[in-house]
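K.L.:
File run01.pdb below, PDB, C-alpha atoms and all ligand atoms:
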```pdb
MODEL        1
ATOM      1  CA  MET X   1      -0.469   3.389 -19.429  1.00  0.00           C
ATOM      2  CA  LYS X   2      -1.521   0.458 -17.313  1.00  0.00           C
ATOM      3  CA  ASP X   3      -4.946   0.306 -15.713  1.00  0.00           C
ATOM      4  CA  GLU X   4      -4.725   1.884 -12.252  1.00  0.00           C
ATOM      5  CA  ALA X   5      -6.411  -1.167 -10.770  1.00  0.00           C
ATOM      6  CA  ASP X   6      -3.514  -3.473 -11.505  1.00  0.00           C
ATOM      7  CA  ARG X   7      -0.680  -1.193 -10.546  1.00  0.00           C
ATOM      8  CA  ARG X   8       1.866  -2.771  -8.253  1.00  0.00           C
ATOM      9  CA  PHE X   9       3.949  -0.662  -5.914  1.00  0.00           C
ATOM     10  CA  LEU X  10       7.389  -0.604  -4.336  1.00  0.00           C
ATOM     11  CA  VAL X  11       7.888   1.729  -1.368  1.00  0.00           C
ATOM     12  CA  ASP X  12      11.285   3.075  -0.385  1.00  0.00           C
ATOM     13  CA  TRP X  13      12.781   2.808   3.110  1.00  0.00           C
ATOM     14  CA  MET X  14      11.208   6.034   4.348  1.00  0.00           C
ATOM     15  CA  LEU X  15       7.698   4.909   3.479  1.00  0.00           C
ATOM     16  CA  LEU X  16       7.394   1.446   5.019  1.00  0.00           C
ATOM     17  CA  ARG X  17       4.437   2.535   7.138  1.00  0.00           C
ATOM     18  CA  LEU X  18       2.609   3.886   4.113  1.00  0.00           C
ATOM     19  CA  GLY X  19       3.390   0.582   2.402  1.00  0.00           C
ATOM     20  CA  ARG X  20       1.638  -1.386   5.151  1.00  0.00           C
ATOM     21  CA  TRP X  21      -1.362   0.926   4.897  1.00  0.00           C
ATOM     22  CA  LEU X  22      -1.555   0.422   1.160  1.00  0.00           C
ATOM     23  CA  ARG X  23      -1.632  -3.332   1.689  1.00  0.00           C
ATOM     24  CA  LEU X  24      -4.627  -2.831   3.988  1.00  0.00           C
ATOM     25  CA  LEU X  25      -6.270  -1.041   1.096  1.00  0.00           C
ATOM     26  CA  GLY X  26      -5.772  -4.137  -1.036  1.00  0.00           C
ATOM     27  CA  GLN X  27      -2.706  -2.906  -2.921  1.00  0.00           C
ATOM     28  CA  ASP X  28       0.165  -5.149  -3.940  1.00  0.00           C
ATOM     29  CA  VAL X  29       3.153  -3.476  -2.252  1.00  0.00           C
ATOM     30  CA  ALA X  30       6.730  -4.745  -2.109  1.00  0.00           C
ATOM     31  CA  LEU X  31       9.390  -3.516   0.287  1.00  0.00           C
ATOM     32  CA  PRO X  32      12.920  -2.811  -0.930  1.00  0.00           C
ATOM     33  CA  HIS X  33      15.421  -5.694  -0.780  1.00  0.00           C
ATOM     34  CA  GLU X  34      18.297  -3.301  -0.181  1.00  0.00           C
ATOM     35  CA  LYS X  35      18.780   0.343   0.751  1.00  0.00           C
ATOM     36  CA  SER X  36      20.507   1.639  -2.350  1.00  0.00           C
ATOM     37  CA  ASP X  37      18.504   3.694  -4.845  1.00  0.00           C
ATOM     38  CA  GLU X  38      20.184   1.781  -7.633  1.00  0.00           C
ATOM     39  CA  ARG X  39      18.930  -1.582  -6.319  1.00  0.00           C
ATOM     40  CA  LEU X  40      15.475  -0.129  -5.696  1.00  0.00           C
ATOM     41  CA  MET X  41      15.185   0.976  -9.312  1.00  0.00           C
ATOM     42  CA  ILE X  42      16.374  -2.405 -10.587  1.00  0.00           C
ATOM     43  CA  GLN X  43      13.823  -4.138  -8.351  1.00  0.00           C
ATOM     44  CA  ALA X  44      11.023  -1.867  -9.641  1.00  0.00           C
ATOM     45  CA  LYS X  45      11.998  -2.593 -13.218  1.00  0.00           C
ATOM     46  CA  GLU X  46      12.308  -6.358 -12.699  1.00  0.00           C
ATOM     47  CA  GLU X  47       9.026  -6.662 -10.829  1.00  0.00           C
ATOM     48  CA  GLY X  48       7.133  -4.095 -12.928  1.00  0.00           C
ATOM     49  CA  ARG X  49       6.307  -1.850  -9.968  1.00  0.00           C
ATOM     50  CA  THR X  50       5.679   1.856  -9.468  1.00  0.00           C
ATOM     51  CA  ILE X  51       8.148   3.338  -6.960  1.00  0.00           C
ATOM     52  CA  ILE X  52       6.661   5.403  -4.125  1.00  0.00           C
ATOM     53  CA  THR X  53       9.208   7.752  -2.590  1.00  0.00           C
ATOM     54  CA  ARG X  54       9.660  11.082  -0.819  1.00  0.00           C
ATOM     55  CA  ASP X  55      13.131  11.448  -2.314  1.00  0.00           C
ATOM     56  CA  ARG X  56      13.050  13.927  -5.188  1.00  0.00           C
ATOM     57  CA  GLY X  57      16.461  12.791  -6.451  1.00  0.00           C
ATOM     58  CA  LEU X  58      15.329   9.181  -6.654  1.00  0.00           C
ATOM     59  CA  SER X  59      12.112  10.234  -8.349  1.00  0.00           C
ATOM     60  CA  LEU X  60      14.047  12.145 -11.025  1.00  0.00           C
ATOM     61  CA  ALA X  61      16.489   9.277 -11.536  1.00  0.00           C
ATOM     62  CA  ALA X  62      13.622   6.789 -11.931  1.00  0.00           C
ATOM     63  CA  GLY X  63      11.875   9.146 -14.348  1.00  0.00           C
ATOM     64  CA  ARG X  64      15.011   9.320 -16.511  1.00  0.00           C
ATOM     65  CA  ARG X  65      14.914   5.522 -16.816  1.00  0.00           C
ATOM     66  CA  SER X  66      11.177   5.463 -17.578  1.00  0.00           C
ATOM     67  CA  ILE X  67      10.402   3.684 -14.315  1.00  0.00           C
ATOM     68  CA  PRO X  68       6.966   4.783 -13.060  1.00  0.00           C
ATOM     69  CA  VAL X  69       7.274   6.753  -9.832  1.00  0.00           C
ATOM     70  CA  LEU X  70       4.980   8.556  -7.403  1.00  0.00           C
ATOM     71  CA  LEU X  71       6.583  11.383  -5.443  1.00  0.00           C
ATOM     72  CA  ILE X  72       5.031  11.822  -2.002  1.00  0.00           C
ATOM     73  CA  ARG X  73       5.381  15.247  -0.367  1.00  0.00           C
ATOM     74  CA  ALA X  74       3.714  14.816   3.016  1.00  0.00           C
ATOM     75  CA  THR X  75       5.411  13.482   6.140  1.00  0.00           C
ATOM     76  CA  LYS X  76       2.206  12.653   8.049  1.00  0.00           C
ATOM     77  CA  ILE X  77       0.603   9.316   7.251  1.00  0.00           C
ATOM     78  CA  ILE X  78      -2.866  10.864   6.874  1.00  0.00           C
ATOM     79  CA  GLU X  79      -1.596  13.328   4.283  1.00  0.00           C
ATOM     80  CA  GLN X  80       0.401  10.621   2.537  1.00  0.00           C
ATOM     81  CA  LEU X  81      -2.766   8.534   2.220  1.00  0.00           C
ATOM     82  CA  ALA X  82      -4.541  11.560   0.762  1.00  0.00           C
ATOM     83  CA  GLU X  83      -1.790  11.843  -1.844  1.00  0.00           C
ATOM     84  CA  MET X  84      -2.247   8.176  -2.717  1.00  0.00           C
ATOM     85  CA  ALA X  85      -5.973   8.796  -3.079  1.00  0.00           C
ATOM     86  CA  ASP X  86      -5.160  11.623  -5.492  1.00  0.00           C
ATOM     87  CA  ALA X  87      -3.116   9.058  -7.430  1.00  0.00           C
ATOM     88  CA  GLY X  88      -6.169   6.846  -7.753  1.00  0.00           C
ATOM     89  CA  VAL X  89      -5.961   4.494  -4.753  1.00  0.00           C
ATOM     90  CA  LEU X  90      -9.360   3.879  -3.153  1.00  0.00           C
ATOM     91  CA  LEU X  91      -9.423   4.669   0.568  1.00  0.00           C
ATOM     92  CA  GLN X  92     -11.280   1.550   1.630  1.00  0.00           C
ATOM     93  CA  LEU X  93     -10.074  -1.298   3.788  1.00  0.00           C
ATOM     94  CA  ASP X  94      -9.886  -4.207   1.426  1.00  0.00           C
ATOM     95  CA  PRO X  95      -8.239  -7.244   2.968  1.00  0.00           C
ATOM     96  CA  HIS X  96      -6.503  -8.938   0.057  1.00  0.00           C
ATOM     97  CA  ARG X  97      -2.902  -8.493   1.104  1.00  0.00           C
ATOM     98  CA  CYS X  98      -1.022  -9.462   4.267  1.00  0.00           C
ATOM     99  CA  THR X  99       0.487  -6.358   5.913  1.00  0.00           C
ATOM    100  CA  VAL X 100       3.445  -8.437   7.102  1.00  0.00           C
ATOM    101  CA  CYS X 101       4.508 -10.292   3.963  1.00  0.00           C
ATOM    102  CA  ASN X 102       2.244  -9.046   1.119  1.00  0.00           C
ATOM    103  CA  GLY X 103       0.906 -12.602   0.663  1.00  0.00           C
ATOM    104  CA  PRO X 104      -2.661 -13.108  -0.608  1.00  0.00           C
ATOM    105  CA  LEU X 105      -5.424 -13.381   2.012  1.00  0.00           C
ATOM    106  CA  HIS X 106      -8.341 -15.748   1.854  1.00  0.00           C
ATOM    107  CA  GLU X 107     -11.559 -15.539   3.832  1.00  0.00           C
ATOM    108  CA  MET X 108     -11.866 -18.235   6.476  1.00  0.00           C
ATOM    109  CA  GLU X 109     -14.975 -20.334   6.942  1.00  0.00           C
ATOM    110  CA  CYS X 110     -17.018 -18.991   9.812  1.00  0.00           C
ATOM    111  CA  SER X 111     -20.399 -19.717  11.312  1.00  0.00           C
ATOM    112  CA  GLU X 112     -23.332 -17.349  10.872  1.00  0.00           C
ATOM    113  CA  GLY X 113     -23.086 -14.042  12.723  1.00  0.00           C
ATOM    114  CA  LYS X 114     -19.412 -14.386  13.581  1.00  0.00           C
ATOM    115  CA  THR X 115     -16.718 -11.858  12.747  1.00  0.00           C
ATOM    116  CA  ILE X 116     -15.208 -12.361   9.323  1.00  0.00           C
ATOM    117  CA  ARG X 117     -11.629 -13.567   9.415  1.00  0.00           C
ATOM    118  CA  TRP X 118      -8.944 -13.737   6.779  1.00  0.00           C
ATOM    119  CA  GLN X 119      -5.765 -15.738   6.720  1.00  0.00           C
ATOM    120  CA  CYS X 120      -2.541 -15.080   4.830  1.00  0.00           C
ATOM    121  CA  LYS X 121      -1.712 -17.961   2.501  1.00  0.00           C
ATOM    122  CA  SER X 122       2.012 -17.335   2.891  1.00  0.00           C
ATOM    123  CA  CYS X 123       2.721 -16.622   6.584  1.00  0.00           C
ATOM    124  CA  LYS X 124      -0.653 -17.812   8.031  1.00  0.00           C
ATOM    125  CA  LYS X 125      -1.298 -14.582   9.945  1.00  0.00           C
ATOM    126  CA  ILE X 126      -5.000 -14.133  10.748  1.00  0.00           C
ATOM    127  CA  TYR X 127      -6.899 -10.856  10.366  1.00  0.00           C
ATOM    128  CA  TRP X 128     -10.343  -9.943  11.622  1.00  0.00           C
ATOM    129  CA  GLU X 129     -12.597  -6.922  11.954  1.00  0.00           C
ATOM    130  CA  GLY X 130     -11.718  -6.068  15.544  1.00  0.00           C
ATOM    131  CA  GLY X 131     -10.987  -2.869  17.479  1.00  0.00           C
ATOM    132  CA  HIS X 132      -7.841  -2.184  15.489  1.00  0.00           C
ATOM    133  CA  TRP X 133      -9.897  -2.443  12.317  1.00  0.00           C
ATOM    134  CA  LYS X 134     -12.353   0.188  13.552  1.00  0.00           C
ATOM    135  CA  LYS X 135      -9.481   2.501  14.414  1.00  0.00           C
ATOM    136  CA  MET X 136      -8.192   2.195  10.872  1.00  0.00           C
ATOM    137  CA  GLU X 137     -11.672   2.812   9.445  1.00  0.00           C
ATOM    138  CA  ARG X 138     -11.846   6.018  11.497  1.00  0.00           C
ATOM    139  CA  MET X 139      -8.505   7.185  10.216  1.00  0.00           C
ATOM    140  CA  LEU X 140      -9.527   6.587   6.593  1.00  0.00           C
ATOM    141  CA  GLU X 141     -12.752   8.433   7.328  1.00  0.00           C
ATOM    142  CA  GLU X 142     -10.644  11.377   8.519  1.00  0.00           C
ATOM    143  CA  VAL X 143      -8.617  11.358   5.299  1.00  0.00           C
ATOM    144  CA  ARG X 144     -11.794  11.174   3.226  1.00  0.00           C
ATOM    145  CA  SER X 145     -13.435  14.062   5.066  1.00  0.00           C
ATOM    146  CA  GLN X 146     -10.301  16.225   4.710  1.00  0.00           C
ATOM    147  CA  ARG X 147     -10.289  15.623   0.968  1.00  0.00           C
ATOM    148  CA  GLY X 148     -14.030  16.119   0.692  1.00  0.00           C
ATOM    149  CA  SER X 149     -14.479  13.090  -1.604  1.00  0.00           C
ATOM    150  CA  PRO X 150     -14.368   9.291  -1.300  1.00  0.00           C
TER     151      PRO X 150
HETATM  152 ZN    ZN X 201       1.560 -13.001   5.381  1.00  0.00          ZN
ENDMDL
END
```
What would you get if you wrote out this structure as structure tokens?
Ligand SMILES: [Zn+2]
P.N.:
Amino acid sequence: MKDEADRRFLVDWMLLRLGRWLRLLGQDVALPHEKSDERLMIQAKEEGRTIITRDRGLSLAAGRRSIPVLLIRATKIIEQLAEMADAGVLLQLDPHRCTVCNGPLHEMECSEGKTIRWQCKSCKKIYWEGGHWKKMERMLEEVRSQRGSP
């Protein structure tokens, strides 16, 4: 079993939103190249990723081929995040991955007292701790309080 810290994920088509959230939590998350379950499983195997899906059939099929899979039950994003926390993902904003392209982020030089900014090395998108950030912090806080643990 691989260390939970270096798990890489692949979300299916129904969980793209969860995938973007996981990137905000610093996780390495790929999106599927194609819609078919068959292609998704091949991609997971080739890239050494754990599939995240709500599709029980896909989860069973992946299990039969010894491809690691996490079956998500909830439909609400907050509950889905709680399930990921149960699977060992820390619920803390950790800007290491671009939510758009999964590229690595690097912290930009900034003068004293200014907001910290990050830039994606691949697509150049810039992130900073603004209002949107606070909204996300609040949502994670809600998940944490519902679970009663960090
Ligand atoms: Zn990017």
K.L.:
Please determine, counting all atoms listed in the file, which residue among X:Leu105, X:Leu90, X:Leu70, X:Leu60 has the shortest atom-to-atom distance to ligand ZN 201 (chain X).
P.N.:
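Using all atoms listed in the file, the shortest distance to ligand ZN 201 (chain X) belongs to X:Leu105.
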K.L.:
The PyMOL selection byres (((chain X and resi 85) around 12) and not hetatm) - which residues does that actually catch in the file I just gave you? List them as a list of chain:residue names.
P.N.:
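Listing what the PyMOL selection byres (((chain X and resi 85) around 12) and not hetatm) selects in the shown file: X:Glu4, X:Leu22, X:Leu25, X:Leu70, X:Ile72, X:Ile78, X:Glu79, X:Gln80, X:Leu81, X:Ala82, X:Glu83, X:Met84, X:Asp86, X:Ala87, X:Gly88, X:Val89, X:Leu90, X:Leu91, X:Gln92, X:Leu140, X:Val143, X:Arg144, X:Gln146, X:Arg147, X:Gly148, X:Ser149, X:Pro150.
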K.L.:
Please identify the residues whose atoms come within 7 Å of ligand ZN 201 (chain X), using only C-alpha atoms and all ligand atoms, and report them as a JSON list (two decimals) with C-alpha atoms, keeping the file's coordinate frame.
P.N.:
```json
[["chain", "number", "residue", "atom", "x", "y", "z"],
["X", 98, "CYS", "CA", -1.02, -9.46, 4.27],
["X", 99, "THR", "CA", 0.49, -6.36, 5.91],
["X", 100, "VAL", "CA", 3.44, -8.44, 7.10],
["X", 101, "CYS", "CA", 4.51, -10.29, 3.96],
["X", 102, "ASN", "CA", 2.24, -9.05, 1.12],
["X", 103, "GLY", "CA", 0.91, -12.60, 0.66],
["X", 120, "CYS", "CA", -2.54, -15.08, 4.83],
["X", 121, "LYS", "CA", -1.71, -17.96, 2.50],
["X", 122, "SER", "CA", 2.01, -17.34, 2.89],
["X", 123, "CYS", "CA", 2.72, -16.62, 6.58],
["X", 124, "LYS", "CA", -0.65, -17.81, 8.03],
["X", 125, "LYS", "CA", -1.30, -14.58, 9.94]]
```
K.L.:
As a VMD selection string, please: the residues near X:His33 (cut-off 8 Å, all atoms listed in the file, same-chain neighbours under 4 positions excluded).
P.N.:
chain X and resid 39 to 40 43
K.L.:
May I have the residues from that selection written out with C-alpha atoms, as a compact mmCIF listing (two decimals), in the frame of the given file?
P.N.:
```txt
# COMPACT_ATOMS: atom_id res chain seq x y z
CA ARG X 39 18.93 -1.58 -6.32
CA LEU X 40 15.48 -0.13 -5.70
CA GLN X 43 13.82 -4.14 -8.35
```
K.L.:
Point out the residue among X:Thr75, X:Gln27, X:Ser145, X:Gln119 with the least atom-to-atom distance to X:Arg54, counting all atoms listed in the file.
P.N.:
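Of X:Thr75, X:Gln27, X:Ser145, X:Gln119, the one nearest X:Arg54, counting all atoms listed in the file, is X:Thr75.
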